[in-house]
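J.: Dumping the structure here so I can ask a few things about it.
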Amino acid sequence: MKTIKLVVAIFFLAISFTSCTNEDDEVNLDPLSKLTKVQTLKANGHSIEVYSAQKQFTIGYNELFIRIKDDTSDTYIANAQISWSPIMKMTSMMHSCPKSAISATENATVNKGYIVFQMPGNTDEYWDLKLDYTINNRAYTATKRIDVKSPVDGKKTINTFMGADNTRYILAMMPFNPEVKLNDFSAMLFKMENMMSFPAVENYKVALDPRMPSMGNHSSPNNKDLSYMAGDKMYSGKLSLTMTGYWKLNLKLLNATGEVLKGEAITETNESSSLYFEIEF
């Protein structure tokens with residue numbers, strides 16, 4: 001009798017475990033479940049959903065994921081072809097910003113790309129996001145105003161500036177989680193060809209000198225300047241952080257011949273560069 005009761009208990013335990021596993025699998029079926037939906041554009045019988053690892057569109061680098069839902073069938077559409085055009089509508093002009101092409105992911109219903117917003121919007125000046133997309137050889141367009149804000153922590157993650165060569169550049173820090181160690185550290189560099197075109201800049205150099213202003217402006221050992229990496233089209237180096245707190249990451253931008261286009265060296269009489277990022281952790 002005890003043996004029968006034990007077998008029955010094991011049977012029901014197995015059923016319970018299988019049920020829980022199936023429920024977990026169903027929850028994990030959503031490929032974007034760990035991201036935040038920051039915008040939905042409704043047009044043409046579709047809901048175009050935009051997702052981010054951040055809680056909002058923010059100035060600086062934004063990696064974004066897009067999927068399109070057919071509102072009639074309530075299903076996501078596979079293999080859509082998508083392009084985008086972010087436009088800042090100012091009181092006296094319009095301009096775009098650096099952006100990637102939108103590419104497919106391993107999930108046929110999800111596409112991804114990035115946008116680098118140079119400035120936040122406000123009541124009178126704002127960003128529009130236009131999406132052109134094709135489904136089964138039929139073309140559609142959707143446009144909506146989006147709310148682009150400064151980072152929640154107020155730290156500087158993007159620089160827009162005129163270089164010594166009279167070219168306007170945009171230097172954006174790539175998101176990372178700083179730790180007390182030698183961190184991988186990357187940035188992306190673009191130049192403004194005109195108000196709508198911002199191509200990436202290759203083969204320059206970004207010199208790095210991190211300092212802690214509240215601690216006698218001390219630096220840290222083993223930092224490595226950022227060099228261009230053709231594989232991912234970024235500038236990558238090493239950032240040494242020896243303690244938690246506020247750090248100003250002083251920078252200099254040098255062209256392919258070593259000419260300094262922006263930024264200054266840190267000395268006893270010059271405690272910060274005009275080109276920098278900020279972090280606090």
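Following the order of the structure tokens, chains are lettered A, B, ..., residues in each are numbered from 1, and ligands are numbered from 1.
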Residues at most 9 Å from A:Glu202, counting only C-alpha atoms, excluding those fewer than 5 positions away in the same chain, as a short mmCIF file (atom, residue, chain, number, x, y, z; two decimals) with all heavy atoms, in the first residue's frame?

T.:
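File written: selection-v6.cif
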data_model
loop_
_atom_site.label_atom_id
_atom_site.label_comp_id
_atom_site.auth_asym_id
_atom_site.auth_seq_id
_atom_site.Cartn_x
_atom_site.Cartn_y
_atom_site.Cartn_z
N LEU A 189 31.63 57.30 -33.53
CA LEU A 189 31.96 58.63 -34.02
C LEU A 189 31.32 58.84 -35.39
O LEU A 189 31.46 58.00 -36.29
CB LEU A 189 33.48 58.80 -34.11
CG LEU A 189 33.99 60.14 -34.66
CD1 LEU A 189 33.64 61.29 -33.71
CD2 LEU A 189 35.51 60.08 -34.88
N PHE A 190 30.65 59.98 -35.56
CA PHE A 190 30.01 60.34 -36.82
C PHE A 190 30.36 61.78 -37.16
O PHE A 190 30.75 62.57 -36.31
CB PHE A 190 28.48 60.22 -36.69
CG PHE A 190 28.01 58.90 -36.16
CD1 PHE A 190 27.88 58.69 -34.79
CD2 PHE A 190 27.69 57.86 -37.02
CE1 PHE A 190 27.44 57.47 -34.29
CE2 PHE A 190 27.27 56.63 -36.53
CZ PHE A 190 27.14 56.44 -35.17
N TYR A 228 39.83 52.51 -33.73
CA TYR A 228 38.74 52.09 -34.59
C TYR A 228 38.80 50.60 -34.87
O TYR A 228 39.86 50.07 -35.24
CB TYR A 228 38.75 52.86 -35.90
CG TYR A 228 37.60 52.51 -36.81
CD1 TYR A 228 36.31 52.92 -36.52
CD2 TYR A 228 37.81 51.75 -37.97
CE1 TYR A 228 35.25 52.59 -37.34
CE2 TYR A 228 36.75 51.42 -38.80
CZ TYR A 228 35.47 51.85 -38.48
OH TYR A 228 34.42 51.52 -39.30
N MET A 229 37.66 49.93 -34.71
CA MET A 229 37.54 48.51 -34.99
C MET A 229 36.59 48.33 -36.18
O MET A 229 35.39 48.59 -36.05
CB MET A 229 37.00 47.75 -33.76
CG MET A 229 37.88 47.89 -32.53
SD MET A 229 39.52 47.16 -32.79
CE MET A 229 40.39 47.69 -31.32
N ALA A 230 37.13 47.92 -37.31
CA ALA A 230 36.33 47.84 -38.53
C ALA A 230 35.20 46.82 -38.42
O ALA A 230 34.14 46.99 -39.03
CB ALA A 230 37.23 47.48 -39.72
N LYS A 233 32.59 48.65 -36.31
CA LYS A 233 32.52 50.08 -36.65
C LYS A 233 32.43 50.96 -35.41
O LYS A 233 31.75 51.98 -35.39
CB LYS A 233 31.35 50.34 -37.60
CG LYS A 233 31.47 49.61 -38.92
CD LYS A 233 30.33 49.94 -39.85
CE LYS A 233 30.49 49.21 -41.18
NZ LYS A 233 29.39 49.50 -42.12
N MET A 234 33.16 50.56 -34.37
CA MET A 234 33.21 51.33 -33.14
C MET A 234 34.66 51.65 -32.78
O MET A 234 35.59 51.06 -33.33
CB MET A 234 32.59 50.54 -31.98
CG MET A 234 31.13 50.26 -32.10
SD MET A 234 30.55 49.36 -30.64
CE MET A 234 28.92 48.86 -31.19
N TYR A 235 34.82 52.55 -31.85
CA TYR A 235 36.12 52.86 -31.26
C TYR A 235 36.16 52.18 -29.89
O TYR A 235 35.32 52.44 -29.03
CB TYR A 235 36.31 54.37 -31.13
CG TYR A 235 36.54 55.02 -32.48
CD1 TYR A 235 35.47 55.30 -33.33
CD2 TYR A 235 37.82 55.33 -32.92
CE1 TYR A 235 35.67 55.87 -34.58
CE2 TYR A 235 38.03 55.90 -34.17
CZ TYR A 235 36.95 56.16 -34.99
OH TYR A 235 37.16 56.72 -36.23
N ALA A 256 43.37 60.84 -38.53
CA ALA A 256 44.24 59.75 -38.98
C ALA A 256 45.71 60.14 -39.00
O ALA A 256 46.60 59.28 -38.96
CB ALA A 256 43.80 59.27 -40.35
#

J.: Each residue of stretch 201-245 of chain A lying at most 12 Å from stretch 167-182 of chain A should get a row with its shortest atom-to-atom pair and the distance in Å to one decimal, counting only C-alpha atoms; could you produce that, ordered by chain and increasing number, as a tab-separated table?

T.:
residue	atom	partner	partner_atom	distance
A:Val201	CA	A:Tyr169	CA	8.9
A:Tyr204	CA	A:Leu171	CA	11.7
A:Lys205	CA	A:Leu171	CA	11.5
A:Val206	CA	A:Leu171	CA	9.6
A:Ser220	CA	A:Leu182	CA	9.7
A:Pro221	CA	A:Leu182	CA	9.0
A:Asn222	CA	A:Leu182	CA	7.7
A:Asn223	CA	A:Leu182	CA	7.7
A:Lys224	CA	A:Leu182	CA	9.6
A:Leu226	CA	A:Met173	CA	11.2
A:Lys233	CA	A:Met174	CA	12.0
A:Met234	CA	A:Met174	CA	9.0
A:Tyr235	CA	A:Met173	CA	9.5
A:Ser236	CA	A:Met174	CA	9.6
A:Gly237	CA	A:Leu182	CA	10.0
A:Lys238	CA	A:Leu182	CA	6.3
A:Leu239	CA	A:Leu182	CA	5.6
A:Ser240	CA	A:Leu182	CA	4.3
A:Leu241	CA	A:Val180	CA	5.0
A:Thr242	CA	A:Val180	CA	5.3
A:Met243	CA	A:Val180	CA	5.5
A:Thr244	CA	A:Val180	CA	6.6
A:Gly245	CA	A:Val180	CA	10.0

J.: Those residues you just picked out, can you put them in a file as a compact mmCIF listing (two decimals), in the first residue's frame with N, CA, C and O atoms?

T.:
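Here's the written file out_21.txt:
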# COMPACT_ATOMS: atom_id res chain seq x y z
N VAL A 201 32.67 57.78 -38.95
CA VAL A 201 34.05 58.19 -39.23
C VAL A 201 34.98 57.04 -38.86
O VAL A 201 34.90 56.50 -37.76
N TYR A 204 40.12 57.15 -36.91
CA TYR A 204 40.59 58.20 -36.04
C TYR A 204 41.03 57.56 -34.72
O TYR A 204 41.15 56.35 -34.61
N LYS A 205 41.26 58.36 -33.70
CA LYS A 205 41.65 57.85 -32.40
C LYS A 205 41.02 58.73 -31.32
O LYS A 205 40.92 59.95 -31.48
N VAL A 206 40.59 58.10 -30.23
CA VAL A 206 40.03 58.84 -29.09
C VAL A 206 40.90 58.56 -27.87
O VAL A 206 40.93 57.45 -27.34
N SER A 220 43.81 56.74 -13.16
CA SER A 220 43.86 55.31 -12.89
C SER A 220 44.85 54.66 -13.86
O SER A 220 45.14 55.20 -14.93
N PRO A 221 45.37 53.49 -13.52
CA PRO A 221 46.39 52.85 -14.35
C PRO A 221 45.78 51.99 -15.46
O PRO A 221 44.63 51.57 -15.39
N ASN A 222 46.62 51.74 -16.48
CA ASN A 222 46.33 50.74 -17.52
C ASN A 222 45.18 51.08 -18.45
O ASN A 222 44.60 50.19 -19.09
N ASN A 223 44.80 52.35 -18.53
CA ASN A 223 43.79 52.74 -19.51
C ASN A 223 44.35 52.57 -20.92
O ASN A 223 45.56 52.72 -21.15
N LYS A 224 43.48 52.30 -21.86
CA LYS A 224 43.88 52.13 -23.26
C LYS A 224 43.02 53.02 -24.13
O LYS A 224 41.78 52.96 -24.07
N LEU A 226 41.02 54.65 -27.31
CA LEU A 226 40.05 53.99 -28.17
C LEU A 226 40.51 54.04 -29.63
O LEU A 226 40.77 55.12 -30.17
N LYS A 233 32.59 48.65 -36.31
CA LYS A 233 32.52 50.08 -36.65
C LYS A 233 32.43 50.96 -35.41
O LYS A 233 31.75 51.98 -35.39
N MET A 234 33.16 50.56 -34.37
CA MET A 234 33.21 51.33 -33.14
C MET A 234 34.66 51.65 -32.78
O MET A 234 35.59 51.06 -33.33
N TYR A 235 34.82 52.55 -31.85
CA TYR A 235 36.12 52.86 -31.26
C TYR A 235 36.16 52.18 -29.89
O TYR A 235 35.32 52.44 -29.03
N SER A 236 37.13 51.30 -29.69
CA SER A 236 37.17 50.50 -28.48
C SER A 236 38.51 50.62 -27.77
O SER A 236 39.56 50.75 -28.42
N GLY A 237 38.47 50.59 -26.44
CA GLY A 237 39.67 50.65 -25.62
C GLY A 237 39.39 50.05 -24.26
O GLY A 237 38.49 49.23 -24.10
N LYS A 238 40.17 50.46 -23.26
CA LYS A 238 40.02 49.96 -21.89
C LYS A 238 39.91 51.13 -20.93
O LYS A 238 40.68 52.10 -21.02
N LEU A 239 38.99 51.02 -19.99
CA LEU A 239 38.75 52.04 -18.98
C LEU A 239 38.99 51.44 -17.60
O LEU A 239 38.28 50.53 -17.18
N SER A 240 40.00 51.96 -16.90
CA SER A 240 40.33 51.47 -15.57
C SER A 240 39.61 52.31 -14.52
O SER A 240 39.79 53.53 -14.45
N LEU A 241 38.80 51.64 -13.70
CA LEU A 241 38.09 52.31 -12.61
C LEU A 241 38.54 51.67 -11.30
O LEU A 241 38.33 50.48 -11.08
N THR A 242 39.16 52.47 -10.45
CA THR A 242 39.77 51.94 -9.22
C THR A 242 38.88 52.05 -8.00
O THR A 242 39.20 51.50 -6.96
N MET A 243 37.74 52.77 -8.11
CA MET A 243 36.81 52.89 -7.00
C MET A 243 35.48 53.39 -7.52
O MET A 243 35.38 53.91 -8.63
N THR A 244 34.42 53.20 -6.73
CA THR A 244 33.11 53.69 -7.11
C THR A 244 33.04 55.20 -6.90
O THR A 244 33.81 55.78 -6.14
N GLY A 245 32.08 55.84 -7.56
CA GLY A 245 31.90 57.29 -7.44
C GLY A 245 31.74 57.94 -8.80
O GLY A 245 31.48 57.27 -9.81

J.: What does the structure give for the distance between atom CA of A:Met196 and atom CA of A:Lys99, in Å to one decimal?

T.: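 Calculated distance between atom CA of A:Met196 and atom CA of A:Lys99 is 10.5 Å.
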
J.: I'd like to know which residues of stretch 14-220 of chain A are alpha helix (DSSP H) (by DSSP, run on the backbone); could you write them as a ChimeraX atom specification?

T.: /A:14-27

J.: Quick one: write out the picked residues with N, CA and C atoms as a tab-separated table (two decimals), in the first residue's frame?

T.:
chain	number	residue	atom	x	y	z
A	14	ALA	N	5.18	14.74	-11.11
A	14	ALA	CA	5.68	14.85	-12.49
A	14	ALA	C	4.75	15.70	-13.33
A	15	ILE	N	3.42	15.49	-13.16
A	15	ILE	CA	2.44	16.29	-13.91
A	15	ILE	C	2.56	17.76	-13.55
A	16	SER	N	2.71	18.04	-12.26
A	16	SER	CA	2.83	19.42	-11.79
A	16	SER	C	4.07	20.08	-12.35
A	17	PHE	N	5.19	19.35	-12.36
A	17	PHE	CA	6.45	19.90	-12.87
A	17	PHE	C	6.34	20.20	-14.35
A	18	THR	N	5.71	19.26	-15.12
A	18	THR	CA	5.55	19.46	-16.56
A	18	THR	C	4.69	20.66	-16.85
A	19	SER	N	3.60	20.83	-16.06
A	19	SER	CA	2.70	21.96	-16.24
A	19	SER	C	3.42	23.27	-16.02
A	20	CYS	N	4.21	23.35	-14.94
A	20	CYS	CA	4.96	24.58	-14.64
A	20	CYS	C	5.97	24.87	-15.73
A	21	THR	N	6.62	23.83	-16.23
A	21	THR	CA	7.62	24.02	-17.28
A	21	THR	C	6.98	24.57	-18.54
A	22	ASN	N	5.79	24.03	-18.89
A	22	ASN	CA	5.10	24.51	-20.09
A	22	ASN	C	4.68	25.96	-19.93
A	23	GLU	N	4.20	26.33	-18.70
A	23	GLU	CA	3.82	27.71	-18.47
A	23	GLU	C	5.01	28.63	-18.60
A	24	ASP	N	6.16	28.22	-18.06
A	24	ASP	CA	7.37	29.03	-18.18
A	24	ASP	C	7.78	29.19	-19.63
A	25	ASP	N	7.67	28.09	-20.41
A	25	ASP	CA	8.03	28.15	-21.83
A	25	ASP	C	7.15	29.14	-22.56
A	26	GLU	N	5.83	29.16	-22.21
A	26	GLU	CA	4.91	30.08	-22.87
A	26	GLU	C	5.29	31.53	-22.57
A	27	VAL	N	5.68	31.80	-21.31
A	27	VAL	CA	6.08	33.16	-20.94
A	27	VAL	C	7.32	33.57	-21.72

J.: When you count only C-alpha atoms, which of these residues is closest to A:Cys97: A:Thr72, A:Asn137, A:Ser274, A:Asn62?

T.: A:Asn62

J.: Neighbours of stretch 146-156 of chain A within 12 Å (only C-alpha atoms; same-chain residues fewer than 6 positions away dropped), as a PyMOL selection string?

T.: chain A and resi 38-41+50+54-62+86-89+115-130+171-175+246-250+275-281

J.: Could you write out that same residue set with C-alpha atoms as a short mmCIF file (atom, residue, chain, number, x, y, z; two decimals), in the first residue's frame?

T.:
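Once written, part.cif looks like this:
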data_model
loop_
_atom_site.label_atom_id
_atom_site.label_comp_id
_atom_site.auth_asym_id
_atom_site.auth_seq_id
_atom_site.Cartn_x
_atom_site.Cartn_y
_atom_site.Cartn_z
CA VAL A 38 8.83 52.73 -25.70
CA GLN A 39 6.49 53.51 -28.60
CA THR A 40 3.64 52.08 -30.69
CA LEU A 41 2.82 53.54 -34.10
CA VAL A 50 9.39 49.82 -30.76
CA GLN A 54 16.16 51.61 -21.66
CA LYS A 55 12.93 52.98 -20.21
CA GLN A 56 12.64 55.77 -22.79
CA PHE A 57 14.15 57.27 -25.91
CA THR A 58 17.20 59.15 -24.64
CA ILE A 59 19.88 61.37 -26.09
CA GLY A 60 22.91 59.35 -27.10
CA TYR A 61 22.96 55.76 -28.33
CA ASN A 62 19.66 53.85 -28.47
CA PRO A 86 14.15 60.27 -37.31
CA ILE A 87 13.64 64.01 -37.84
CA MET A 88 14.10 66.77 -35.26
CA LYS A 89 11.58 69.54 -35.98
CA ILE A 115 19.59 55.73 -33.45
CA VAL A 116 21.89 58.33 -31.86
CA PHE A 117 19.82 61.35 -30.80
CA GLN A 118 21.92 64.51 -30.34
CA MET A 119 19.39 66.52 -28.34
CA PRO A 120 16.20 66.10 -26.32
CA GLY A 121 12.82 67.36 -27.41
CA ASN A 122 10.64 69.92 -25.67
CA THR A 123 7.17 71.43 -26.05
CA ASP A 124 7.98 73.37 -29.22
CA GLU A 125 10.82 71.30 -30.72
CA TYR A 126 10.46 67.55 -31.04
CA TRP A 127 11.44 64.37 -32.86
CA ASP A 128 9.27 62.58 -35.42
CA LEU A 129 9.98 58.94 -36.20
CA LYS A 130 9.00 57.90 -39.72
CA LEU A 171 30.79 61.23 -30.39
CA ALA A 172 28.52 58.87 -28.45
CA MET A 173 29.44 56.58 -25.56
CA MET A 174 28.25 52.99 -25.86
CA PRO A 175 26.19 51.76 -22.88
CA TYR A 246 31.75 60.03 -10.03
CA TRP A 247 34.25 59.90 -12.91
CA LYS A 248 34.83 62.41 -15.69
CA LEU A 249 36.19 60.59 -18.73
CA ASN A 250 38.33 63.24 -20.40
CA LEU A 275 35.46 66.80 -24.68
CA TYR A 276 34.32 64.25 -22.09
CA PHE A 277 31.81 61.66 -20.91
CA GLU A 278 30.52 61.18 -17.35
CA ILE A 279 29.70 58.11 -15.29
CA GLU A 280 28.78 57.48 -11.67
CA PHE A 281 28.36 54.09 -10.05
#

J.: Using only C-alpha atoms, which of the listed residues (A:Ile82, A:Leu64, A:Leu32, A:Ala142) sits closest to A:Asn44?

T.: A:Ala142

J.: Point out the residue among A:Tyr114, A:Trp84, A:Phe185, A:Phe161 with the least atom-to-atom distance to A:Thr141, counting only C-alpha atoms.

T.: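 Using only C-alpha atoms, A:Thr141 sits closest to A:Trp84.
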